[in-house]
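Novice: This structure is in structure tokens; I'll ask about it shortly.
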Amino acid sequence: MNLREKFSKTEYVGTDWRRLLIRGSLMLLIGAGLVVATVFKHDVIIMQVRDFSWLPVCGFVVLAVGLLECFDAALAKELGDFFLNLQNGVLDVAVASLIIFSIGDDPARLSLLITAFLIVKGIFRLTLAYATQMPANVSTSVGAGVSIILGLLIWLEWPSSAGWFLAFCLSAEIGLRGWSLIMFAFWIKAQKERESASY
């Protein structure tokens with residue numbers, strides 16, 4: 001049995017698609033709000049620190065998402081779901097903690113960390129979209145590609161290596177992940193409806 005066949009068997013039937021939809025919608029709204037805030041007010045001072053723009057807020061949002069994914073891992077019924085949620089959650093918590101605890105230092109120190117984070121998360125979403133063959137995998141793949149491109153732009157320090165651009169890219173990643181989660185929730189809903197119709 002190849003990977004696509006394993007995903008086409010509804011292994012996610014126990015997952016509540018509504019919870020994923022709510023979480024994805026919140027992430028999309030928060031990410032979009034932070035993108036707008038970063039563009040229009042990028043010189044904001046948060047936690048009494050200059051030059052970090054909205055990066056501390058982004059760090060706290062990623063930390064919250066990572067803790068929720070770790071909680072999902074604790075509630076997982078399947079071993080695959082446990083490891084999938086745990087590795088995503090631990091990566092989010094580790095990166096967010098490094099961002100939060102680096103506040104007050106030079107924001108350029110975080111550029112490689114955020115670059116790696118964006119590229120890894122983008123590749124993960126591309127792989128998931130390919131493996132599940134979701135009907136809306138084009139939008140998920142485009143979002144994942146944008147995350148990878150943003151990571152590469154940070155690495156190239158173009159157009160800037162300032163804290164506001166790091167915050168902009170991380171905010172976009174939060175929003176794009178929310179969009180992917182929304183698409184995944186709708187895919188799970190369709191799988192459940194197909195499963196119940198076959199009985």
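Residue numbering restarts at 1 in every chain; chains get A, B, ... in the order shown in the structure tokens, and ligands count up from 1 in that same order.
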Need to verify the contact set: range 53-58 of chain A, 12 Å, only C-alpha atoms, exclusion of same-chain residues closer than 5 positions in sequence. Can you return it as a PyMOL selection string?
Specialist: chain A and resi 27+30-48+63-65+92+95-104+107-108+110-111+114+162-175
Novice: Output C-alpha atoms for every residue in the selection just made, as a PDB file, in the first residue's frame.
Specialist:
```pdb
ATOM      1  CA  MET A  27      -4.762  31.629  12.898  1.00  0.00           C
ATOM      2  CA  ILE A  30      -4.485  36.741  13.600  1.00  0.00           C
ATOM      3  CA  GLY A  31      -1.864  36.215  10.891  1.00  0.00           C
ATOM      4  CA  ALA A  32      -3.627  38.579   8.485  1.00  0.00           C
ATOM      5  CA  GLY A  33      -4.041  41.147  11.239  1.00  0.00           C
ATOM      6  CA  LEU A  34      -0.359  40.966  12.112  1.00  0.00           C
ATOM      7  CA  VAL A  35       0.617  41.299   8.432  1.00  0.00           C
ATOM      8  CA  VAL A  36      -1.476  44.460   8.143  1.00  0.00           C
ATOM      9  CA  ALA A  37      -0.102  45.796  11.452  1.00  0.00           C
ATOM     10  CA  THR A  38       3.466  45.075  10.372  1.00  0.00           C
ATOM     11  CA  VAL A  39       3.028  46.844   7.048  1.00  0.00           C
ATOM     12  CA  PHE A  40       1.290  49.942   8.390  1.00  0.00           C
ATOM     13  CA  LYS A  41       2.967  50.272  11.809  1.00  0.00           C
ATOM     14  CA  HIS A  42       6.274  48.435  11.607  1.00  0.00           C
ATOM     15  CA  ASP A  43       8.139  50.669  14.056  1.00  0.00           C
ATOM     16  CA  VAL A  44       5.962  49.730  17.042  1.00  0.00           C
ATOM     17  CA  ILE A  45       7.607  49.165  20.457  1.00  0.00           C
ATOM     18  CA  ILE A  46       6.401  46.015  22.238  1.00  0.00           C
ATOM     19  CA  MET A  47       7.717  44.871  25.633  1.00  0.00           C
ATOM     20  CA  GLN A  48       9.719  48.130  25.762  1.00  0.00           C
ATOM     21  CA  LEU A  63       3.994  29.394  21.105  1.00  0.00           C
ATOM     22  CA  ALA A  64       0.230  29.102  21.660  1.00  0.00           C
ATOM     23  CA  VAL A  65      -0.192  27.104  18.440  1.00  0.00           C
ATOM     24  CA  ASP A  92       6.740  25.570  17.247  1.00  0.00           C
ATOM     25  CA  VAL A  95      11.269  28.360  17.836  1.00  0.00           C
ATOM     26  CA  ALA A  96       8.747  30.583  19.628  1.00  0.00           C
ATOM     27  CA  SER A  97      10.668  30.296  22.904  1.00  0.00           C
ATOM     28  CA  LEU A  98      13.907  31.290  21.187  1.00  0.00           C
ATOM     29  CA  ILE A  99      12.172  34.288  19.614  1.00  0.00           C
ATOM     30  CA  ILE A 100      10.587  35.400  22.888  1.00  0.00           C
ATOM     31  CA  PHE A 101      13.749  34.960  24.963  1.00  0.00           C
ATOM     32  CA  SER A 102      15.843  36.773  22.355  1.00  0.00           C
ATOM     33  CA  ILE A 103      13.810  39.960  22.646  1.00  0.00           C
ATOM     34  CA  GLY A 104      16.109  42.846  23.478  1.00  0.00           C
ATOM     35  CA  PRO A 107      16.815  40.912  15.740  1.00  0.00           C
ATOM     36  CA  ALA A 108      19.211  39.893  12.944  1.00  0.00           C
ATOM     37  CA  LEU A 110      16.899  35.417  14.604  1.00  0.00           C
ATOM     38  CA  SER A 111      16.981  35.553  10.812  1.00  0.00           C
ATOM     39  CA  ILE A 114      13.052  32.048  11.187  1.00  0.00           C
ATOM     40  CA  ALA A 162      15.187  44.261   9.943  1.00  0.00           C
ATOM     41  CA  GLY A 163      12.859  43.015  12.656  1.00  0.00           C
ATOM     42  CA  TRP A 164       9.766  44.315  10.867  1.00  0.00           C
ATOM     43  CA  PHE A 165      10.445  42.075   7.854  1.00  0.00           C
ATOM     44  CA  LEU A 166      11.014  39.056  10.111  1.00  0.00           C
ATOM     45  CA  ALA A 167       7.688  39.852  11.814  1.00  0.00           C
ATOM     46  CA  PHE A 168       5.990  40.275   8.428  1.00  0.00           C
ATOM     47  CA  CYS A 169       7.217  36.870   7.199  1.00  0.00           C
ATOM     48  CA  LEU A 170       6.314  35.100  10.441  1.00  0.00           C
ATOM     49  CA  SER A 171       2.863  36.747  10.415  1.00  0.00           C
ATOM     50  CA  ALA A 172       2.311  35.585   6.848  1.00  0.00           C
ATOM     51  CA  GLU A 173       3.324  32.062   7.886  1.00  0.00           C
ATOM     52  CA  ILE A 174       0.770  32.098  10.724  1.00  0.00           C
ATOM     53  CA  GLY A 175      -1.967  33.171   8.314  1.00  0.00           C
TER      54      GLY A 175
END
```
Novice: What residues in range 1-166 of chain A get the DSSP label alpha helix (DSSP H)? Please answer as a PyMOL selection string.
Specialist: chain A and resi 3-8+17-40+55-75+79-101+111-132+137-156+163-166
Novice: Could you check which of A:Ile119, A:Ala73, A:Thr132, A:Leu113 is closest to Gln191 in chain A, using only C-alpha atoms?
Specialist: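 Among the listed residues, the smallest separation from Gln191 in chain A belongs to A:Thr132.
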Novice: Just give me the gap between CA of Ala129 in chain A and CA of Gly145 in chain A in Å, one decimal is fine.
Specialist: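 Interatomic distance, CA of Ala129 in chain A to CA of Gly145 in chain A: 11.6 Å.
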Novice: Just the residues within 10 Å of Arg18 in chain A, please, counting only C-alpha atoms, with nothing from its chain fewer than 6 positions along; format it as number ranges by chain.
Specialist: A: 24, 182, 185-186, 188-189
Novice: Taking N, CA and C atoms for each residue, export the selection above as a tab-separated table (two decimals), in the first residue's frame.
Specialist:
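Output below, filename part02.tsv:
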```tsv
chain	number	residue	atom	x	y	z
A	24	GLY	N	-7.93	27.05	12.65
A	24	GLY	CA	-7.42	27.59	11.39
A	24	GLY	C	-7.94	28.99	11.11
A	182	ILE	N	-7.64	25.23	7.62
A	182	ILE	CA	-9.04	25.33	7.19
A	182	ILE	C	-9.30	24.34	6.05
A	185	ALA	N	-9.39	20.86	7.43
A	185	ALA	CA	-10.64	20.61	8.15
A	185	ALA	C	-11.76	20.26	7.17
A	186	PHE	N	-11.85	21.00	6.07
A	186	PHE	CA	-12.89	20.71	5.08
A	186	PHE	C	-12.65	19.35	4.42
A	188	ILE	N	-11.24	16.74	5.93
A	188	ILE	CA	-11.65	15.73	6.92
A	188	ILE	C	-13.18	15.62	6.95
A	189	LYS	N	-13.87	16.76	6.86
A	189	LYS	CA	-15.33	16.75	6.84
A	189	LYS	C	-15.84	15.95	5.64
```
Novice: For Ser139 in chain A, find every residue with an atom within 9 Å (counting only C-alpha atoms), except residues of its own chain fewer than 2 positions away, and show them as a PDB file with N, CA and C atoms, in the first residue's frame.
Specialist:
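Now in around.pdb:
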```pdb
ATOM      1  N   ALA A 136      -8.456  20.889  -2.420  1.00  0.00           N
ATOM      2  CA  ALA A 136      -7.927  22.260  -2.458  1.00  0.00           C
ATOM      3  C   ALA A 136      -6.419  22.270  -2.229  1.00  0.00           C
ATOM      4  N   ASN A 137      -5.735  21.228  -2.695  1.00  0.00           N
ATOM      5  CA  ASN A 137      -4.292  21.169  -2.437  1.00  0.00           C
ATOM      6  C   ASN A 137      -3.512  22.211  -3.221  1.00  0.00           C
ATOM      7  N   SER A 141      -0.672  24.247  -1.466  1.00  0.00           N
ATOM      8  CA  SER A 141       0.670  24.216  -2.059  1.00  0.00           C
ATOM      9  C   SER A 141       1.185  25.619  -2.350  1.00  0.00           C
ATOM     10  N   VAL A 142       0.304  26.502  -2.815  1.00  0.00           N
ATOM     11  CA  VAL A 142       0.715  27.886  -3.068  1.00  0.00           C
ATOM     12  C   VAL A 142       1.120  28.558  -1.762  1.00  0.00           C
ATOM     13  N   GLY A 143       0.330  28.352  -0.705  1.00  0.00           N
ATOM     14  CA  GLY A 143       0.669  28.915   0.599  1.00  0.00           C
ATOM     15  C   GLY A 143       1.991  28.384   1.115  1.00  0.00           C
ATOM     16  N   ALA A 144       2.222  27.090   0.923  1.00  0.00           N
ATOM     17  CA  ALA A 144       3.490  26.492   1.352  1.00  0.00           C
ATOM     18  C   ALA A 144       4.652  27.061   0.545  1.00  0.00           C
ATOM     19  N   TRP A 179      -4.839  29.025   6.915  1.00  0.00           N
ATOM     20  CA  TRP A 179      -5.544  28.683   5.673  1.00  0.00           C
ATOM     21  C   TRP A 179      -5.403  27.190   5.365  1.00  0.00           C
ATOM     22  N   SER A 180      -4.208  26.641   5.523  1.00  0.00           N
ATOM     23  CA  SER A 180      -3.999  25.209   5.281  1.00  0.00           C
ATOM     24  C   SER A 180      -4.819  24.366   6.248  1.00  0.00           C
ATOM     25  N   MET A 183      -8.402  24.302   5.073  1.00  0.00           N
ATOM     26  CA  MET A 183      -8.566  23.376   3.949  1.00  0.00           C
ATOM     27  C   MET A 183      -8.522  21.919   4.425  1.00  0.00           C
TER      28      MET A 183
END
```
Novice: Closest to Val120 in chain A among A:Gly80, A:Gln133, A:Leu150, A:Val138, using only C-alpha atoms?
Specialist: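 Ranked by minimum distance to Val120 in chain A, first place goes to A:Leu150.
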Novice: Could you check which of A:Ala197, A:Leu152, A:Leu20, A:Leu86 is closest to Phe71 in chain A, using only C-alpha atoms?
Specialist: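 So, comparing all the options, the nearest one is A:Leu86.
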